[in-house]
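First up is the structure itself, then whatever we jot down about it.
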Amino acid sequence: MKSRVVTWLALGLILVGAAAIRLRLLDLPLDRDEGEYAYFGQLLLEGVPPYAAAYNLKAPGIYVAYALILAVFGHTTTGIHLGLIVVTSVATVLMFVLARSLAGPTAGVVAAALYATQALNPKILGFAAYAEHFVLLFVIAGSIVLQPLARSRPPLLLVAGGLLFGLAFVMKQSAAAFVLGGALYLLLSTGGDPSTGDDQIAPWPQRLRAVALFLGGAVAPFVLVCLWLLLAGTLGTFLFWSFVYGSTYSASLSASVGNLGGRFAAVAPSSSVTLALVVIGLGALLRDSLRSRKIFVLLLAAASCVGFAVGLHFRPQYCLLLIPALAVTAAIGLDALGRLMAERPHGLRQAVAVSLVIAAVAQPLYASRDLLFELGPAQISRLIYGRNPFPESVPIGRYIREHTAPGDRVAVVGSEPQIYFYAGRRSATGYIYTYPLMELQPYATGMQQAMIREIESADPRYVVFVRAVGSWLVRENSDKTIFGWFEQYQQNLKRVGVVDIPSRQETVYRWGDDAATYAPRSDVWLMIFERGRKP
């Protein structure tokens with residue numbers, strides 16, 4: 001009884017500690033992905049279905065999740081990050097439950113601590129409300145359902161597990177790797193119960209039936225999403241963006257090597273203790289006599305790696321998909337290390353274990369102590385994202401909101417969807433990102449022409465033009481038609497605002513008449529144009 005109280009007290013401290021750190025970051029300006037999700041969520045709450053008024057290749061589940069967060073916590077940056085606290089806290093508890101079922105309550109606490117810490121890690125943008133956090137919530141929950149299934153494999157639990165993995169997929173397509181991993185686990189595992197040591201091999205027909213039930217459950221959320229979008233009239237747009245255009249969204253093999261190497265160099269040094277425990281855990285798993293547990297953890301790790309590698313971009317937030325496998329494997333590694341020291345005094349074993357856990361948790365927190373404990377929201381945004389105009393989007397959005405009526409349209413010529421969210425105004429174009437227009441893919445020119453037509457047809461009251469490398473990612477051979485078009489288009493507009501970002505420490509704002517004559521001093525700036533109201 002006493003050990004159970006200590007275990008739950010430790011878990012409570014982990015949750016409170018992680019939440020306390022996140023509470024300090026509530027007002028952190030939204031980045032582009034968060035702005036996209038928030039704007040889509042805003043549209044949903046206004047009755048506009050996904051892909052009707054804004055386009056992107058993400059699956060719609062994350063937009064529904066954001067709509068729920070906005071409805072509960074409010075249409076603010078603070079509300080979004082409060083929602084993230086809830087999501088990561090629940091995922092941490094689920095991580096404890098999963099690891100406990102695999103290796104006992106101590107392993108559960110260790111895995112929960114590592115999960116909560118790494119889910120905060122600024123090196124992988126863990127403080128932001130990315131879709132990966134929502135994917136993991138359902139993946140861990142689904143893993144809890146699948147992993148301990150007895151040899152009888154109850155059909156309802158198999159379908160329930162599939163549903164949870166399917167919900168992860170509609171949050172983001174990279175979760176397909178976990179769906180495949182779950183199916184392979186049911187196909188390859190023994191069907192025994194690890195908690196009792198029952199590791200007998202189930203017959204093939206039973207295993208195939210289990211896989212079919214699981215996949216049936218996994219497909220159901222996607223089918224329901226397609227039915228919803230079909231009734232809403234946006235299914236074709238969703239399929240084009242998510243799968244047709246989405247199939248072109250990948251880095252070259254040569255670029256991917258550099259992406260992966262750069263990501264490892266950026267993340268590994270601040271998590272070396274955890275990675276060392278992971279190596280020990282992998283060695284212990286390979287020698288594990290319990291086949292079901294071995295297969296489960298190794299497949300979880302493999303699925304995490306595949307999800308991380310989708311598209312070969314290896315972006316920082318993609319590393320979030322690796323956290324559950326790392327946390328579980330590191331906890332198993334710590335347990336294995338304890339067994340290797342079985343002949344040592346009990347006090348020494350405990351001291352080593354506690355020291356390693358403290359080091360694994362403290363290392364990434366200490367490496368990013370300035371962001372997590374010291375700097376203000378705008379400073380953190382600058383340190384992480386450079387001169388990308390995320391802090392500046394707040395006053396720009398406020399200006400547009402204060403100078404427009406709810407029915408007025410706005411166009412942002414650049415990839416800054418957070419401006420629409422802050423302004424609370426609808427976009428004049430569905431192209432809330434301009435990255436696809438600059439990519440070397442077969443639809444780029446057509447997308448530029450479509451964006452131009454939509455803006456001209458909507459006749460927006462305000463237009464924001466963004467001059468920032470990170471907002472366009474122009475390639476040497478990109479079609480630059482849209483820039484020439486805007487040079488002509490702006491001649492019929494009045495410049496009413498200029499936001500110039502000469503350095504990470506300085507932003508210059510000019511509004512009204514001052515904006516009309518101001519010449520930006522830097523290569524990163526935004527200009528706000530107004531069209532006069534028609535009589």
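Letters A, B, ... mark the chains of the structure tokens in the order given; residue numbers begin at 1 per chain; ligand numbers begin at 1, in order shown.
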
Those in segment 264-451 of chain A with strand (DSSP E or B) from DSSP, as an mmCIF file with N, CA and C atoms, in the first residue's frame:
```cif
data_model
loop_
_atom_site.group_PDB
_atom_site.id
_atom_site.type_symbol
_atom_site.label_atom_id
_atom_site.label_comp_id
_atom_site.auth_asym_id
_atom_site.auth_seq_id
_atom_site.Cartn_x
_atom_site.Cartn_y
_atom_site.Cartn_z
ATOM 1 N N ARG A 409 -12.914 40.641 -45.548
ATOM 2 C CA ARG A 409 -11.919 39.606 -45.849
ATOM 3 C C ARG A 409 -10.509 40.185 -45.786
ATOM 4 N N VAL A 410 -9.556 39.285 -45.520
ATOM 5 C CA VAL A 410 -8.148 39.645 -45.412
ATOM 6 C C VAL A 410 -7.340 38.659 -46.243
ATOM 7 N N ALA A 411 -6.271 39.131 -46.858
ATOM 8 C CA ALA A 411 -5.367 38.235 -47.590
ATOM 9 C C ALA A 411 -3.958 38.409 -47.051
ATOM 10 N N VAL A 412 -3.340 37.317 -46.688
ATOM 11 C CA VAL A 412 -1.930 37.323 -46.290
ATOM 12 C C VAL A 412 -1.148 36.653 -47.414
ATOM 13 N N VAL A 413 -0.335 37.409 -48.093
ATOM 14 C CA VAL A 413 0.478 36.876 -49.187
ATOM 15 C C VAL A 413 1.801 36.436 -48.571
ATOM 16 N N ARG A 426 -11.795 36.169 -41.863
ATOM 17 C CA ARG A 426 -11.598 35.094 -42.819
ATOM 18 C C ARG A 426 -10.654 35.506 -43.941
ATOM 19 N N SER A 427 -9.934 34.518 -44.413
ATOM 20 C CA SER A 427 -8.988 34.741 -45.507
ATOM 21 C C SER A 427 -9.736 34.903 -46.829
#
```

Per-residue DSSP, segment 214-447 of chain A, filtered to alpha helix (DSSP H), as a short mmCIF file (atom, residue, chain, number, x, y, z; two decimals) with N, CA and C atoms, in the first residue's frame:
```cif
data_model
loop_
_atom_site.label_atom_id
_atom_site.label_comp_id
_atom_site.auth_asym_id
_atom_site.auth_seq_id
_atom_site.Cartn_x
_atom_site.Cartn_y
_atom_site.Cartn_z
N PHE A 214 -8.67 -5.41 -35.72
CA PHE A 214 -7.91 -4.20 -35.39
C PHE A 214 -7.93 -3.21 -36.56
N LEU A 215 -7.64 -3.69 -37.76
CA LEU A 215 -7.61 -2.81 -38.93
C LEU A 215 -9.00 -2.27 -39.25
N GLY A 216 -10.03 -3.08 -39.01
CA GLY A 216 -11.39 -2.58 -39.20
C GLY A 216 -11.68 -1.39 -38.31
N GLY A 217 -11.25 -1.49 -37.04
CA GLY A 217 -11.41 -0.36 -36.13
C GLY A 217 -10.57 0.82 -36.54
N ALA A 218 -9.35 0.57 -37.04
CA ALA A 218 -8.44 1.66 -37.41
C ALA A 218 -8.94 2.43 -38.62
N VAL A 219 -9.60 1.74 -39.55
CA VAL A 219 -10.09 2.38 -40.76
C VAL A 219 -11.34 3.21 -40.49
N ALA A 220 -12.11 2.83 -39.47
CA ALA A 220 -13.41 3.46 -39.22
C ALA A 220 -13.35 4.98 -39.08
N PRO A 221 -12.42 5.56 -38.29
CA PRO A 221 -12.39 7.03 -38.19
C PRO A 221 -12.15 7.72 -39.53
N PHE A 222 -11.26 7.13 -40.35
CA PHE A 222 -10.99 7.73 -41.65
C PHE A 222 -12.22 7.67 -42.55
N VAL A 223 -12.93 6.55 -42.52
CA VAL A 223 -14.15 6.41 -43.32
C VAL A 223 -15.20 7.44 -42.88
N LEU A 224 -15.34 7.61 -41.58
CA LEU A 224 -16.30 8.59 -41.07
C LEU A 224 -15.90 10.02 -41.46
N VAL A 225 -14.60 10.30 -41.43
CA VAL A 225 -14.12 11.62 -41.85
C VAL A 225 -14.45 11.85 -43.32
N CYS A 226 -14.20 10.84 -44.16
CA CYS A 226 -14.49 10.99 -45.59
C CYS A 226 -15.99 11.18 -45.83
N LEU A 227 -16.81 10.48 -45.07
CA LEU A 227 -18.25 10.65 -45.20
C LEU A 227 -18.66 12.06 -44.80
N TRP A 228 -18.11 12.55 -43.70
CA TRP A 228 -18.39 13.92 -43.24
C TRP A 228 -18.01 14.93 -44.33
N LEU A 229 -16.80 14.80 -44.87
CA LEU A 229 -16.33 15.75 -45.88
C LEU A 229 -17.11 15.61 -47.19
N LEU A 230 -17.54 14.40 -47.50
CA LEU A 230 -18.37 14.20 -48.69
C LEU A 230 -19.68 14.96 -48.55
N LEU A 231 -20.32 14.86 -47.40
CA LEU A 231 -21.57 15.57 -47.16
C LEU A 231 -21.34 17.09 -47.12
N ALA A 232 -20.14 17.49 -46.68
CA ALA A 232 -19.81 18.92 -46.62
C ALA A 232 -19.38 19.47 -47.97
N LEU A 235 -14.70 16.73 -49.90
CA LEU A 235 -13.92 15.49 -49.93
C LEU A 235 -12.86 15.53 -51.02
N GLY A 236 -13.21 16.00 -52.20
CA GLY A 236 -12.24 16.05 -53.29
C GLY A 236 -11.05 16.92 -52.97
N THR A 237 -11.32 18.08 -52.36
CA THR A 237 -10.23 18.98 -51.98
C THR A 237 -9.33 18.33 -50.93
N PHE A 238 -9.95 17.67 -49.96
CA PHE A 238 -9.18 16.97 -48.92
C PHE A 238 -8.29 15.89 -49.53
N LEU A 239 -8.83 15.07 -50.40
CA LEU A 239 -8.06 13.98 -51.00
C LEU A 239 -6.93 14.52 -51.86
N LEU A 253 16.81 12.67 -51.29
CA LEU A 253 17.62 11.77 -50.47
C LEU A 253 18.86 12.48 -49.94
N SER A 254 19.48 13.29 -50.79
CA SER A 254 20.69 13.98 -50.35
C SER A 254 20.38 15.00 -49.25
N ALA A 255 19.25 15.70 -49.40
CA ALA A 255 18.87 16.68 -48.37
C ALA A 255 18.48 15.98 -47.07
N SER A 256 17.87 14.79 -47.20
CA SER A 256 17.40 14.09 -46.00
C SER A 256 18.55 13.67 -45.09
N VAL A 257 19.68 13.32 -45.70
CA VAL A 257 20.85 12.94 -44.90
C VAL A 257 21.31 14.11 -44.04
N GLY A 258 21.36 15.28 -44.66
CA GLY A 258 21.73 16.47 -43.90
C GLY A 258 20.70 16.82 -42.84
N ASN A 259 19.40 16.65 -43.18
CA ASN A 259 18.33 16.92 -42.21
C ASN A 259 18.46 16.03 -40.99
N LEU A 260 18.69 14.74 -41.23
CA LEU A 260 18.78 13.79 -40.12
C LEU A 260 20.01 14.05 -39.27
N GLY A 261 21.14 14.29 -39.94
CA GLY A 261 22.36 14.56 -39.20
C GLY A 261 22.26 15.82 -38.36
N GLY A 262 21.66 16.86 -38.94
CA GLY A 262 21.49 18.10 -38.21
C GLY A 262 20.56 17.95 -37.02
N ARG A 263 19.51 17.15 -37.21
CA ARG A 263 18.57 16.95 -36.11
C ARG A 263 19.22 16.18 -34.97
N PHE A 264 19.98 15.14 -35.29
CA PHE A 264 20.65 14.36 -34.26
C PHE A 264 21.66 15.22 -33.50
N ALA A 265 22.40 16.03 -34.24
CA ALA A 265 23.41 16.88 -33.60
C ALA A 265 22.76 17.91 -32.69
N ALA A 266 21.55 18.36 -33.03
CA ALA A 266 20.87 19.37 -32.23
C ALA A 266 20.24 18.79 -30.98
N VAL A 267 19.75 17.55 -31.07
CA VAL A 267 18.95 16.99 -29.98
C VAL A 267 19.76 16.09 -29.05
N SER A 272 21.66 12.82 -23.74
CA SER A 272 22.59 11.69 -23.84
C SER A 272 22.37 10.65 -22.75
N VAL A 273 21.95 11.06 -21.56
CA VAL A 273 21.70 10.10 -20.48
C VAL A 273 20.52 9.20 -20.85
N THR A 274 19.45 9.81 -21.33
CA THR A 274 18.29 9.03 -21.77
C THR A 274 18.66 8.07 -22.88
N LEU A 275 19.45 8.55 -23.85
CA LEU A 275 19.85 7.70 -24.98
C LEU A 275 20.73 6.55 -24.51
N ALA A 276 21.56 6.79 -23.52
CA ALA A 276 22.39 5.70 -22.98
C ALA A 276 21.51 4.63 -22.34
N LEU A 277 20.48 5.05 -21.61
CA LEU A 277 19.55 4.09 -21.02
C LEU A 277 18.77 3.35 -22.10
N VAL A 278 18.48 4.03 -23.20
CA VAL A 278 17.78 3.39 -24.32
C VAL A 278 18.64 2.28 -24.91
N VAL A 279 19.92 2.53 -25.07
CA VAL A 279 20.83 1.50 -25.60
C VAL A 279 20.85 0.28 -24.69
N ILE A 280 20.92 0.52 -23.39
CA ILE A 280 20.90 -0.60 -22.42
C ILE A 280 19.56 -1.33 -22.52
N GLY A 281 18.47 -0.57 -22.64
CA GLY A 281 17.16 -1.18 -22.74
C GLY A 281 17.00 -2.03 -23.99
N LEU A 282 17.53 -1.57 -25.12
CA LEU A 282 17.46 -2.35 -26.35
C LEU A 282 18.22 -3.67 -26.20
N GLY A 283 19.38 -3.60 -25.55
CA GLY A 283 20.14 -4.83 -25.31
C GLY A 283 19.38 -5.80 -24.44
N ALA A 284 18.71 -5.25 -23.42
CA ALA A 284 17.92 -6.12 -22.53
C ALA A 284 16.73 -6.72 -23.27
N LEU A 285 16.11 -5.95 -24.14
CA LEU A 285 14.96 -6.46 -24.90
C LEU A 285 15.35 -7.59 -25.83
N LEU A 286 16.50 -7.46 -26.47
CA LEU A 286 16.94 -8.49 -27.40
C LEU A 286 17.18 -9.82 -26.71
N ARG A 291 8.52 -13.04 -25.26
CA ARG A 291 8.49 -12.67 -26.68
C ARG A 291 7.49 -11.54 -26.97
N SER A 292 6.33 -11.59 -26.34
CA SER A 292 5.31 -10.57 -26.61
C SER A 292 5.80 -9.17 -26.25
N ARG A 293 6.43 -9.03 -25.08
CA ARG A 293 6.93 -7.71 -24.68
C ARG A 293 8.04 -7.25 -25.61
N LYS A 294 8.93 -8.14 -25.96
CA LYS A 294 10.03 -7.80 -26.86
C LYS A 294 9.48 -7.28 -28.19
N ILE A 295 8.54 -8.02 -28.76
CA ILE A 295 7.99 -7.63 -30.06
C ILE A 295 7.26 -6.30 -29.95
N PHE A 296 6.49 -6.13 -28.87
CA PHE A 296 5.72 -4.90 -28.72
C PHE A 296 6.63 -3.67 -28.68
N VAL A 297 7.64 -3.68 -27.82
CA VAL A 297 8.48 -2.49 -27.66
C VAL A 297 9.31 -2.24 -28.91
N LEU A 298 9.85 -3.29 -29.51
CA LEU A 298 10.65 -3.10 -30.72
C LEU A 298 9.81 -2.59 -31.88
N LEU A 299 8.57 -3.07 -32.00
CA LEU A 299 7.69 -2.56 -33.05
C LEU A 299 7.26 -1.12 -32.77
N LEU A 300 7.05 -0.79 -31.50
CA LEU A 300 6.75 0.59 -31.15
C LEU A 300 7.90 1.51 -31.55
N ALA A 301 9.13 1.05 -31.28
CA ALA A 301 10.30 1.83 -31.67
C ALA A 301 10.41 1.96 -33.17
N ALA A 302 10.18 0.86 -33.89
CA ALA A 302 10.27 0.89 -35.35
C ALA A 302 9.22 1.82 -35.94
N ALA A 303 7.99 1.73 -35.44
CA ALA A 303 6.92 2.59 -35.93
C ALA A 303 7.23 4.06 -35.66
N SER A 304 7.79 4.34 -34.49
CA SER A 304 8.17 5.72 -34.15
C SER A 304 9.20 6.25 -35.14
N CYS A 305 10.17 5.43 -35.48
CA CYS A 305 11.22 5.85 -36.42
C CYS A 305 10.65 6.10 -37.81
N VAL A 306 9.75 5.23 -38.25
CA VAL A 306 9.13 5.40 -39.57
C VAL A 306 8.29 6.68 -39.59
N GLY A 307 7.49 6.90 -38.54
CA GLY A 307 6.70 8.13 -38.48
C GLY A 307 7.58 9.36 -38.47
N PHE A 308 8.68 9.32 -37.76
CA PHE A 308 9.64 10.42 -37.71
C PHE A 308 10.24 10.68 -39.08
N ALA A 309 10.42 9.63 -39.88
CA ALA A 309 11.12 9.75 -41.16
C ALA A 309 10.21 10.07 -42.33
N ILE A 323 9.16 9.83 -28.62
CA ILE A 323 9.23 9.89 -27.16
C ILE A 323 8.68 8.65 -26.47
N PRO A 324 7.51 8.12 -26.82
CA PRO A 324 7.01 6.95 -26.08
C PRO A 324 7.97 5.77 -26.12
N ALA A 325 8.50 5.47 -27.31
CA ALA A 325 9.44 4.36 -27.42
C ALA A 325 10.70 4.62 -26.61
N LEU A 326 11.21 5.85 -26.65
CA LEU A 326 12.40 6.18 -25.87
C LEU A 326 12.13 6.06 -24.38
N ALA A 327 10.98 6.56 -23.94
CA ALA A 327 10.67 6.53 -22.51
C ALA A 327 10.53 5.10 -22.00
N VAL A 328 9.81 4.26 -22.75
CA VAL A 328 9.62 2.86 -22.33
C VAL A 328 10.94 2.11 -22.35
N THR A 329 11.69 2.27 -23.43
CA THR A 329 12.96 1.53 -23.56
C THR A 329 13.97 1.97 -22.51
N ALA A 330 14.02 3.27 -22.22
CA ALA A 330 14.93 3.77 -21.20
C ALA A 330 14.54 3.23 -19.82
N ALA A 331 13.24 3.15 -19.54
CA ALA A 331 12.77 2.60 -18.26
C ALA A 331 13.15 1.13 -18.14
N ILE A 332 13.01 0.38 -19.23
CA ILE A 332 13.43 -1.02 -19.24
C ILE A 332 14.94 -1.13 -19.06
N GLY A 333 15.67 -0.19 -19.66
CA GLY A 333 17.13 -0.17 -19.51
C GLY A 333 17.55 0.06 -18.07
N LEU A 334 16.83 0.98 -17.39
CA LEU A 334 17.15 1.24 -15.98
C LEU A 334 16.86 0.01 -15.14
N ASP A 335 15.76 -0.66 -15.43
CA ASP A 335 15.42 -1.89 -14.71
C ASP A 335 16.48 -2.97 -14.95
N ALA A 336 16.93 -3.10 -16.20
CA ALA A 336 17.97 -4.09 -16.53
C ALA A 336 19.27 -3.78 -15.82
N LEU A 337 19.59 -2.50 -15.73
CA LEU A 337 20.82 -2.10 -15.04
C LEU A 337 20.75 -2.48 -13.57
N GLY A 338 19.57 -2.31 -12.98
CA GLY A 338 19.39 -2.70 -11.59
C GLY A 338 19.59 -4.18 -11.38
N ARG A 339 19.10 -4.98 -12.33
CA ARG A 339 19.27 -6.43 -12.20
C ARG A 339 20.73 -6.83 -12.40
N LEU A 340 21.45 -6.09 -13.24
CA LEU A 340 22.88 -6.37 -13.41
C LEU A 340 23.66 -6.09 -12.13
N HIS A 346 21.78 -2.94 -1.64
CA HIS A 346 20.50 -2.37 -2.07
C HIS A 346 20.56 -0.84 -2.12
N GLY A 347 21.19 -0.25 -1.13
CA GLY A 347 21.29 1.21 -1.08
C GLY A 347 22.04 1.77 -2.27
N LEU A 348 23.10 1.07 -2.69
CA LEU A 348 23.89 1.52 -3.83
C LEU A 348 23.05 1.44 -5.11
N ARG A 349 22.31 0.33 -5.26
CA ARG A 349 21.48 0.18 -6.45
C ARG A 349 20.44 1.30 -6.53
N GLN A 350 19.84 1.60 -5.40
CA GLN A 350 18.84 2.67 -5.39
C GLN A 350 19.46 4.02 -5.71
N ALA A 351 20.64 4.26 -5.16
CA ALA A 351 21.31 5.54 -5.39
C ALA A 351 21.66 5.72 -6.86
N VAL A 352 22.16 4.65 -7.48
CA VAL A 352 22.50 4.71 -8.91
C VAL A 352 21.26 4.96 -9.75
N ALA A 353 20.17 4.23 -9.45
CA ALA A 353 18.93 4.37 -10.22
C ALA A 353 18.37 5.79 -10.10
N VAL A 354 18.31 6.29 -8.85
CA VAL A 354 17.76 7.63 -8.64
C VAL A 354 18.64 8.68 -9.33
N SER A 355 19.95 8.52 -9.24
CA SER A 355 20.87 9.48 -9.87
C SER A 355 20.69 9.51 -11.38
N LEU A 356 20.53 8.34 -11.98
CA LEU A 356 20.36 8.27 -13.43
C LEU A 356 19.04 8.90 -13.86
N VAL A 357 17.99 8.65 -13.10
CA VAL A 357 16.69 9.24 -13.44
C VAL A 357 16.75 10.77 -13.32
N ILE A 358 17.33 11.23 -12.24
CA ILE A 358 17.46 12.68 -12.06
C ILE A 358 18.28 13.29 -13.20
N ALA A 359 19.38 12.63 -13.57
CA ALA A 359 20.23 13.15 -14.66
C ALA A 359 19.47 13.15 -15.98
N ALA A 360 18.72 12.07 -16.25
CA ALA A 360 17.98 11.98 -17.52
C ALA A 360 16.90 13.05 -17.61
N VAL A 361 16.25 13.35 -16.49
CA VAL A 361 15.21 14.37 -16.48
C VAL A 361 15.81 15.77 -16.49
N ALA A 362 16.86 15.98 -15.73
CA ALA A 362 17.42 17.32 -15.58
C ALA A 362 18.21 17.77 -16.80
N GLN A 363 18.81 16.83 -17.51
CA GLN A 363 19.71 17.21 -18.61
C GLN A 363 19.02 18.08 -19.67
N PRO A 364 17.89 17.66 -20.27
CA PRO A 364 17.26 18.53 -21.27
C PRO A 364 16.68 19.80 -20.67
N LEU A 365 16.23 19.74 -19.41
CA LEU A 365 15.71 20.95 -18.78
C LEU A 365 16.82 21.96 -18.56
N TYR A 366 17.97 21.49 -18.11
CA TYR A 366 19.10 22.40 -17.87
C TYR A 366 19.63 22.97 -19.18
N ALA A 367 19.66 22.14 -20.23
CA ALA A 367 20.18 22.60 -21.52
C ALA A 367 19.33 23.74 -22.09
N ARG A 369 17.36 25.85 -20.04
CA ARG A 369 16.87 26.52 -18.84
C ARG A 369 16.47 27.97 -19.12
N PRO A 377 7.92 35.45 -23.33
CA PRO A 377 7.37 34.81 -24.53
C PRO A 377 7.98 35.31 -25.84
N ALA A 378 8.09 36.65 -26.01
CA ALA A 378 8.64 37.18 -27.26
C ALA A 378 10.12 36.81 -27.41
N GLN A 379 10.85 36.82 -26.32
CA GLN A 379 12.27 36.45 -26.37
C GLN A 379 12.45 34.98 -26.73
N ILE A 380 11.58 34.14 -26.18
CA ILE A 380 11.66 32.71 -26.50
C ILE A 380 11.38 32.49 -27.98
N SER A 381 10.36 33.16 -28.49
CA SER A 381 10.03 33.02 -29.91
C SER A 381 11.21 33.43 -30.78
N ARG A 382 11.85 34.52 -30.42
CA ARG A 382 13.01 34.98 -31.20
C ARG A 382 14.16 33.97 -31.13
N LEU A 383 14.43 33.45 -29.94
CA LEU A 383 15.55 32.53 -29.77
C LEU A 383 15.33 31.24 -30.55
N ILE A 384 14.09 30.76 -30.59
CA ILE A 384 13.78 29.50 -31.27
C ILE A 384 13.60 29.70 -32.77
N TYR A 385 12.83 30.73 -33.14
CA TYR A 385 12.41 30.88 -34.53
C TYR A 385 13.12 32.00 -35.29
N PHE A 390 6.49 35.89 -35.72
CA PHE A 390 5.45 35.34 -34.86
C PHE A 390 5.02 36.32 -33.77
N PRO A 391 5.95 36.98 -33.04
CA PRO A 391 5.49 37.99 -32.08
C PRO A 391 4.80 39.16 -32.78
N GLU A 392 5.27 39.51 -33.96
CA GLU A 392 4.70 40.64 -34.69
C GLU A 392 3.30 40.36 -35.22
N SER A 393 2.97 39.08 -35.38
CA SER A 393 1.64 38.73 -35.89
C SER A 393 0.54 39.15 -34.92
N VAL A 394 0.87 39.24 -33.63
CA VAL A 394 -0.14 39.61 -32.63
C VAL A 394 -0.63 41.05 -32.85
N PRO A 395 0.27 42.06 -32.89
CA PRO A 395 -0.23 43.43 -33.13
C PRO A 395 -0.79 43.62 -34.54
N ILE A 396 -0.26 42.89 -35.53
CA ILE A 396 -0.82 42.99 -36.88
C ILE A 396 -2.26 42.50 -36.89
N GLY A 397 -2.49 41.35 -36.28
CA GLY A 397 -3.84 40.82 -36.19
C GLY A 397 -4.76 41.76 -35.44
N ARG A 398 -4.26 42.34 -34.35
CA ARG A 398 -5.08 43.27 -33.56
C ARG A 398 -5.44 44.51 -34.39
N TYR A 399 -4.48 45.04 -35.14
CA TYR A 399 -4.74 46.21 -35.98
C TYR A 399 -5.84 45.92 -37.00
N ILE A 400 -5.72 44.75 -37.66
CA ILE A 400 -6.71 44.39 -38.68
C ILE A 400 -8.09 44.21 -38.04
N ARG A 401 -8.14 43.57 -36.89
CA ARG A 401 -9.42 43.34 -36.20
C ARG A 401 -10.08 44.67 -35.82
N GLU A 402 -9.26 45.62 -35.36
CA GLU A 402 -9.81 46.89 -34.91
C GLU A 402 -10.24 47.79 -36.06
N GLN A 418 -1.34 32.44 -38.69
CA GLN A 418 -1.68 32.91 -37.35
C GLN A 418 -2.27 34.31 -37.37
N ILE A 419 -1.96 35.08 -38.42
CA ILE A 419 -2.51 36.44 -38.51
C ILE A 419 -4.03 36.38 -38.65
N TYR A 420 -4.53 35.43 -39.44
CA TYR A 420 -5.99 35.28 -39.58
C TYR A 420 -6.63 34.96 -38.22
N PHE A 421 -5.98 34.10 -37.46
CA PHE A 421 -6.53 33.73 -36.16
C PHE A 421 -6.57 34.93 -35.22
N TYR A 422 -5.46 35.66 -35.14
CA TYR A 422 -5.43 36.82 -34.25
C TYR A 422 -6.44 37.87 -34.69
N ALA A 423 -6.59 38.06 -36.00
CA ALA A 423 -7.50 39.08 -36.51
C ALA A 423 -8.96 38.66 -36.35
N TYR A 435 4.10 28.05 -49.27
CA TYR A 435 5.16 27.08 -49.54
C TYR A 435 4.88 26.23 -50.78
N PRO A 436 3.68 25.68 -50.93
CA PRO A 436 3.43 24.83 -52.12
C PRO A 436 3.64 25.58 -53.43
N LEU A 437 3.44 26.89 -53.40
CA LEU A 437 3.58 27.68 -54.62
C LEU A 437 5.02 27.80 -55.06
N MET A 438 5.93 27.65 -54.12
CA MET A 438 7.36 27.78 -54.43
C MET A 438 8.05 26.42 -54.60
N ALA A 444 2.44 23.65 -58.68
CA ALA A 444 2.81 24.96 -58.13
C ALA A 444 2.26 26.11 -58.96
N THR A 445 2.43 26.06 -60.27
CA THR A 445 1.97 27.16 -61.12
C THR A 445 0.45 27.30 -61.06
N GLY A 446 -0.25 26.19 -61.12
CA GLY A 446 -1.71 26.23 -61.02
C GLY A 446 -2.17 26.79 -59.69
N MET A 447 -1.45 26.46 -58.61
CA MET A 447 -1.80 26.99 -57.29
C MET A 447 -1.61 28.50 -57.24
#
```

Please identify all polymer residues within 9 Å of Thr434 of chain A, counting only C-alpha atoms, omitting same-chain residues fewer than 3 positions from it, and present them as a PyMOL selection string.
chain A and resi 413-416+431+437-438+448+471-473

Take the residues from that selection and write them out as a compact mmCIF listing (two decimals), in the first residue's frame, keeping N, CA, C and O atoms.
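Contents of selection30.txt, as written:
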```txt
# COMPACT_ATOMS: atom_id res chain seq x y z
N VAL A 413 -0.33 37.41 -48.09
CA VAL A 413 0.48 36.88 -49.19
C VAL A 413 1.80 36.44 -48.57
O VAL A 413 2.77 37.18 -48.50
N GLY A 414 1.81 35.21 -48.13
CA GLY A 414 2.92 34.63 -47.39
C GLY A 414 2.35 33.53 -46.53
O GLY A 414 1.14 33.27 -46.53
N SER A 415 3.19 32.87 -45.77
CA SER A 415 2.75 31.73 -44.95
C SER A 415 2.67 32.12 -43.49
O SER A 415 3.50 31.70 -42.67
N GLU A 416 1.69 32.92 -43.14
CA GLU A 416 1.52 33.36 -41.74
C GLU A 416 0.06 33.23 -41.34
O GLU A 416 -0.63 34.23 -41.08
N TYR A 431 -5.40 29.59 -49.83
CA TYR A 431 -3.95 29.33 -49.77
C TYR A 431 -3.36 30.10 -48.60
O TYR A 431 -2.78 31.17 -48.76
N LEU A 437 3.44 26.89 -53.40
CA LEU A 437 3.58 27.68 -54.62
C LEU A 437 5.02 27.80 -55.06
O LEU A 437 5.31 28.05 -56.24
N MET A 438 5.93 27.65 -54.12
CA MET A 438 7.36 27.78 -54.43
C MET A 438 8.05 26.42 -54.60
O MET A 438 9.20 26.37 -55.05
N GLN A 448 -0.55 28.99 -57.87
CA GLN A 448 -0.34 30.44 -57.89
C GLN A 448 -1.47 31.15 -58.62
O GLN A 448 -2.01 32.16 -58.15
N SER A 471 8.89 32.40 -44.73
CA SER A 471 7.48 32.44 -45.10
C SER A 471 7.25 31.98 -46.54
O SER A 471 6.10 31.79 -46.94
N TRP A 472 8.33 31.77 -47.30
CA TRP A 472 8.20 31.39 -48.70
C TRP A 472 9.05 30.18 -49.08
O TRP A 472 8.62 29.31 -49.83
N LEU A 473 10.29 30.14 -48.60
CA LEU A 473 11.24 29.07 -48.98
C LEU A 473 11.36 28.96 -50.50
O LEU A 473 11.16 27.90 -51.11
```
